[in-house]
Amino acid sequence: MPKLMKRADIPAFLTAIAAGNPDPKTELHYQTAFQLLVAVVLSAQTTDVAVNKVTPALFTAAPDAAAMAALGAEGIGPFIKSIGLWSAKAKNVAALAQLLLERHGGEVPGEREALEALPGVGRKTANVVLNEVFGQPTMAVDTHIFRLGNRTGIAPGATPRAVEDQLLKRIPKEMLKPAHLWLILHGRYVCKARAPECWRCPGATWCTYPEKTPVPAETKPRRTKG
Ligand code: SF4
């Protein structure tokens, strides 16, 4: 278990990795709450980039729950065949659109229980929607946040739920909503899975990772003779 980051250091670490982006936005493309929900369901074990390639055509064909339910799993499938688990995801998206119509008039509910009752929607997806659409200070622990929670010492935990609980407890309330995306973006672009780029990390001063990556040889300035 890594050394715990000091609680007093957490605001400075988060401010540093926020990199002047106080109000970060998800990298998934969407126009409505329904489209965000569908995009997040499609993004399980797939990159946002891959999802963004398929959603424009899908959302043109079926922009809302009624149209998506009418399209059905067989109609959705051909739009999303390039992403992982597309067949199961097509079924879930058709079924969740149908349930939204039956239970919520086609609107996306703002309550965790109602969201998690939808097919293909687990705690992580519900947390993303509650955070992004409803402005709730939730923490959706994906692979990046789970890694950062443990590696940086900000919120160590053996399971995603343990990391989530630690983050909710340790991050100051006023930073919780944007912290979700600050951590994801930092994990995606700097604190990468295989080789964290510690030498250019603005949060290195406060991070407790003991094996910080040094500057790679090819990026070091060359010595000139004479
Ligand atoms: S110093 Fe390294 S391990 Fe720590 S947050 Fe930055 S990139 Fe990640």
# chains A, B, ... in the order shown; residues from 1 in each chain; ligands from 1

$ residues_around --residues "Arg103 (chain A)" --least-positions-apart "3" --cutoff "12 Å" --atoms "only C-alpha atoms" --output "PDB file with C-alpha atoms, in the first residue's frame"
ATOM      1  CA  ALA A  65     -35.230   7.517 -25.925  1.00  0.00           C
ATOM      2  CA  LEU A  96     -32.708   1.169 -21.243  1.00  0.00           C
ATOM      3  CA  ALA A  97     -34.412   3.458 -23.787  1.00  0.00           C
ATOM      4  CA  GLN A  98     -37.573   1.375 -23.460  1.00  0.00           C
ATOM      5  CA  LEU A  99     -37.435   1.520 -19.648  1.00  0.00           C
ATOM      6  CA  LEU A 100     -36.859   5.286 -19.682  1.00  0.00           C
ATOM      7  CA  GLY A 106     -38.235   9.251 -21.784  1.00  0.00           C
ATOM      8  CA  GLU A 107     -36.177  11.506 -19.455  1.00  0.00           C
ATOM      9  CA  VAL A 108     -33.008  10.528 -17.602  1.00  0.00           C
ATOM     10  CA  PRO A 109     -33.717  10.393 -13.854  1.00  0.00           C
ATOM     11  CA  ALA A 114     -33.469   4.847 -10.711  1.00  0.00           C
ATOM     12  CA  LEU A 115     -30.332   5.067 -12.857  1.00  0.00           C
ATOM     13  CA  ALA A 117     -32.114   0.046 -12.278  1.00  0.00           C
ATOM     14  CA  LEU A 118     -31.533   0.620 -16.015  1.00  0.00           C
TER      15      LEU A 118
END

$ residues_near_ligand --ligand "ligand 1" --cutoff "8 Å" --atoms "only C-alpha atoms and all ligand atoms" --output "PDB file with C-alpha atoms, in the first residue's frame"
ATOM      1  CA  LEU A 148      -4.199   7.233  -9.419  1.00  0.00           C
ATOM      2  CA  ARG A 151      -0.327   5.266  -7.014  1.00  0.00           C
ATOM      3  CA  THR A 152      -0.385   8.862  -5.810  1.00  0.00           C
ATOM      4  CA  HIS A 186      -4.365  13.412 -15.522  1.00  0.00           C
ATOM      5  CA  GLY A 187      -4.383   9.605 -15.676  1.00  0.00           C
ATOM      6  CA  VAL A 190       0.336  12.245 -17.675  1.00  0.00           C
ATOM      7  CA  CYS A 191       0.066   9.578 -14.978  1.00  0.00           C
ATOM      8  CA  LYS A 192      -0.275   6.844 -17.611  1.00  0.00           C
ATOM      9  CA  PRO A 196       3.781   7.705 -15.502  1.00  0.00           C
ATOM     10  CA  GLU A 197       5.441  10.839 -16.880  1.00  0.00           C
ATOM     11  CA  CYS A 198       6.504  12.088 -13.467  1.00  0.00           C
ATOM     12  CA  TRP A 199       9.244  14.347 -14.823  1.00  0.00           C
ATOM     13  CA  ARG A 200       6.609  16.645 -16.340  1.00  0.00           C
ATOM     14  CA  CYS A 201       3.901  16.139 -13.713  1.00  0.00           C
ATOM     15  CA  PRO A 202       2.694  19.338 -12.045  1.00  0.00           C
ATOM     16  CA  GLY A 203       1.504  17.323  -9.031  1.00  0.00           C
ATOM     17  CA  ALA A 204       4.835  15.570  -8.338  1.00  0.00           C
ATOM     18  CA  THR A 205       5.617  17.688  -5.260  1.00  0.00           C
ATOM     19  CA  TRP A 206       2.670  16.239  -3.342  1.00  0.00           C
ATOM     20  CA  CYS A 207       2.355  12.751  -4.899  1.00  0.00           C
ATOM     21  CA  THR A 208       3.772   9.995  -2.658  1.00  0.00           C
ATOM     22  CA  TYR A 209       4.637   7.498  -5.460  1.00  0.00           C
ATOM     23  CA  GLU A 211       9.386   5.365  -7.945  1.00  0.00           C
ATOM     24  CA  LYS A 212       8.873   8.594  -9.834  1.00  0.00           C
ATOM     25  CA  THR A 213       9.931   8.322 -13.497  1.00  0.00           C
TER      26      THR A 213
END

$ residues_around --residues "Ala126 (chain A)" --least-positions-apart "5" --cutoff "9 Å" --atoms "only C-alpha atoms" --output "number ranges by chain"
A: 37, 111-113, 115-116, 121, 131, 140

$ closest_residue --among "A:Thr47, A:Asn92, A:Thr60, A:Asn150" --to "Pro119 (chain A)" --atoms "only C-alpha atoms"
A:Asn92

$ closest_residue --among "A:Ala155, A:Ala33, A:Ala217, A:Ile171" --to "Ala8 (chain A)" --atoms "only C-alpha atoms"
A:Ile171

$ closest_residue --among "A:Pro63, A:Gly72, A:Pro156, A:Pro178" --to "Leu36 (chain A)" --atoms "only C-alpha atoms"
A:Pro63

$ closest_atom_pairs --of "region 124-215 of chain A" --to "region 22-27 of chain A" --cutoff "9 Å" --atoms "only C-alpha atoms" --output "Markdown table"
| residue | atom | partner | partner_atom | distance |
| --- | --- | --- | --- | --- |
| A:Glu132 | CA | A:Thr26 | CA | 7.8 |
| A:Pro178 | CA | A:Asp23 | CA | 6.2 |
| A:Ala179 | CA | A:Pro24 | CA | 8.9 |
| A:Leu181 | CA | A:Pro24 | CA | 6.2 |
| A:Trp182 | CA | A:Pro24 | CA | 7.0 |
| A:Leu185 | CA | A:Pro24 | CA | 8.9 |

$ residues_around --residues "region 85-88 of chain A" --least-positions-apart "4" --cutoff "10 Å" --atoms "only C-alpha atoms" --output "VMD selection string"
chain A and resid 42 to 46 73 to 74 76 to 81 92 to 93 120

$ atom_distance --atom1 "CA of Val49 (chain A)" --atom2 "CA of Leu28 (chain A)"
7.6 Å

$ select_by_dssp --residues "region 8-56 of chain A" --states "helix (DSSP H, G or I)" --output "MDAnalysis selection string"
chainID A and resid 8:18 33:42 48:56

$ residues_around --residues "Pro56 (chain A)" --least-positions-apart "4" --cutoff "9 Å" --atoms "only C-alpha atoms" --output "list of chain:residue names"
A:His29, A:Tyr30, A:Asn52, A:Thr60, A:Ala61
